[in-house]
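Inspection log for the structure reproduced underneath, given as structure tokens.
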Amino acid sequence: MLVALGVDAHRHADELGEVAVATGASVAFLQTGTPSVVDELDRLAAAGATRVELVGLGLGAPIARSWLRRVAAHWRRTRSGVEVVVAGREVTGDEAPLTSPAWEDVPGHGHHVLVCRGPRCSARGSAATSAAIDDALRAHGLGDDDVLVAQTGCLYPCNHAPVVVVHPDDTWYGGVDAACARRIVVEHLAGGVPLVGQRLPRDG
Ligand code: FES
């Protein structure tokens, strides 16, 4: 099973499908894409598979590959009769769980930023927008406890792509290129003053 690991890996679904056909593998997604790893493991087990080897593909995304083993172990704990292998090592079910005391509470962030990674925004540069926001937050010492950033699917005002939203201020920005993204961090998130020029009107 080829497992795409990154949050926007579903964008590579067609290429992954071609590789899967050429190699006889199946495809699953650690996050956002369909099928999920557990759904694909369920399907293979129902089809009679006795051994499944998972191969994680980063596709350029900086993601900890240990998550693939944790997810496989989560599935393995509820199943028997199928050998699951990740990175050449069998998954036993004794690996770290999906839960942790550190992940219990809703974070105490002051702002929640939504970065649209839908098809129109992605085609018009939201990957660079997202990277610029991350870099600027780091440069200003703003962590998850200050600003929680989430990448999303389409947020609807696609004509203004790339779109970024800042909550709880209910401030919608359009045409957010990397330079604008840096200004949002410096002036709005760090400085407390929303930008004027690229704000989108809000109905209701
Ligand atoms: S794709 Fe971003 S708003 Fe629709």
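By order of appearance in the structure tokens: chains A, B, ..., then residues from 1 within every chain, and ligands from 1 in the order shown.
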**Study point:** Env. residues ligand 1 / 12 Å / only C-alpha atoms and all ligand atoms / as a VMD selection string
**Key:** chain A and resid 114 to 127 129 151 to 165 172 to 176 200
Check your understanding: What lies within 12 Å of A:Ala132 using only C-alpha atoms, ignoring chain neighbours under 4 positions off, as number ranges by chain?
Key -> A: 115, 125-128, 136-139, 149, 176-186
Check your understanding: Counting only C-alpha atoms, what is within 12 Å of A:Arg43, bar same-chain residues fewer than 4 positions away, as JSON, numbers by chain?
Key -> {"A": [1, 26, 27, 28, 35, 36, 37, 38, 39, 47, 48, 49, 50, 52, 82]}
Deliver the residues from the most recent selection as a file, using C-alpha atoms, as an mmCIF file, in the first residue's frame.
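Wrote it out as result03.cif, contents follow:
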data_model
loop_
_atom_site.group_PDB
_atom_site.id
_atom_site.type_symbol
_atom_site.label_atom_id
_atom_site.label_comp_id
_atom_site.auth_asym_id
_atom_site.auth_seq_id
_atom_site.Cartn_x
_atom_site.Cartn_y
_atom_site.Cartn_z
ATOM 1 C CA MET A 1 0.000 0.000 0.000
ATOM 2 C CA SER A 26 -3.027 0.193 -3.645
ATOM 3 C CA VAL A 27 -3.155 3.828 -2.483
ATOM 4 C CA ALA A 28 -4.292 5.376 0.793
ATOM 5 C CA PRO A 35 -9.417 6.190 1.259
ATOM 6 C CA SER A 36 -7.868 6.544 4.696
ATOM 7 C CA VAL A 37 -5.218 4.052 5.782
ATOM 8 C CA VAL A 38 -7.624 2.174 8.070
ATOM 9 C CA ASP A 39 -10.343 2.010 5.394
ATOM 10 C CA ALA A 47 -10.388 -9.191 0.219
ATOM 11 C CA GLY A 48 -8.306 -11.874 1.921
ATOM 12 C CA ALA A 49 -4.904 -10.185 2.277
ATOM 13 C CA THR A 50 -2.672 -11.852 4.894
ATOM 14 C CA VAL A 52 0.215 -5.700 3.851
ATOM 15 C CA VAL A 82 -3.137 -9.756 8.811
#
Practice item. Please return as a VMD selection string: the residues of stretch 20-145 of chain A that backbone DSSP assigns to helix (DSSP H, G or I). Key: chain A and resid 20 to 23 37 to 46 66 to 76 101 to 103 119 to 123 126 to 139
Check your understanding: Quick one: residues within 9 Å of stretch 71-76 of chain A, only C-alpha atoms counted, chain neighbours fewer than 5 positions away excluded, as a ChimeraX atom specification?
Key -> /A:30,37-38,41-42,54,66,82-86,91-98
Revision key, fill the gap. Expressed in Å, the length from atom CA of A:Arg70 to atom CA of A:Leu142 is 28.7 Å
Practice item. Could you give me the residues within stretch 38-162 of chain A that DSSP places in strand (DSSP E), as a list in words? Key: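 Those in stretch 38-162 of chain A that DSSP calls strand (DSSP E) are Arg51, Val52, Glu53, Leu54, Val55, Gly56, Leu57, Glu83, Val84, Val85, Val86, Arg89, Glu90, His111, His112, Val113, Leu114, Val115, Cys116, Val147, Leu148, Val149, Ala150, Gln151 and Thr152 of chain A.
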Point to revise | Closest of A:His111, A:Arg89, A:Arg51, A:His12 to A:His188 - atom-to-atom distances counting only C-alpha atoms | key: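 For A:His188, the nearest of the given residues is A:His111.
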Exercise for review: Figure out the distance between atom CA of A:Ser80 and atom CA of A:Ala4, please, to one decimal in Å.
Suggested key: 24.5 Å
Point to revise | Using only C-alpha atoms: which of A:Leu5, A:Leu148, A:Val193, A:Leu44 has the shortest distance to A:Arg65 | key: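 Among A:Leu5, A:Leu148, A:Val193, A:Leu44, it is A:Leu5 that comes nearest to A:Arg65.
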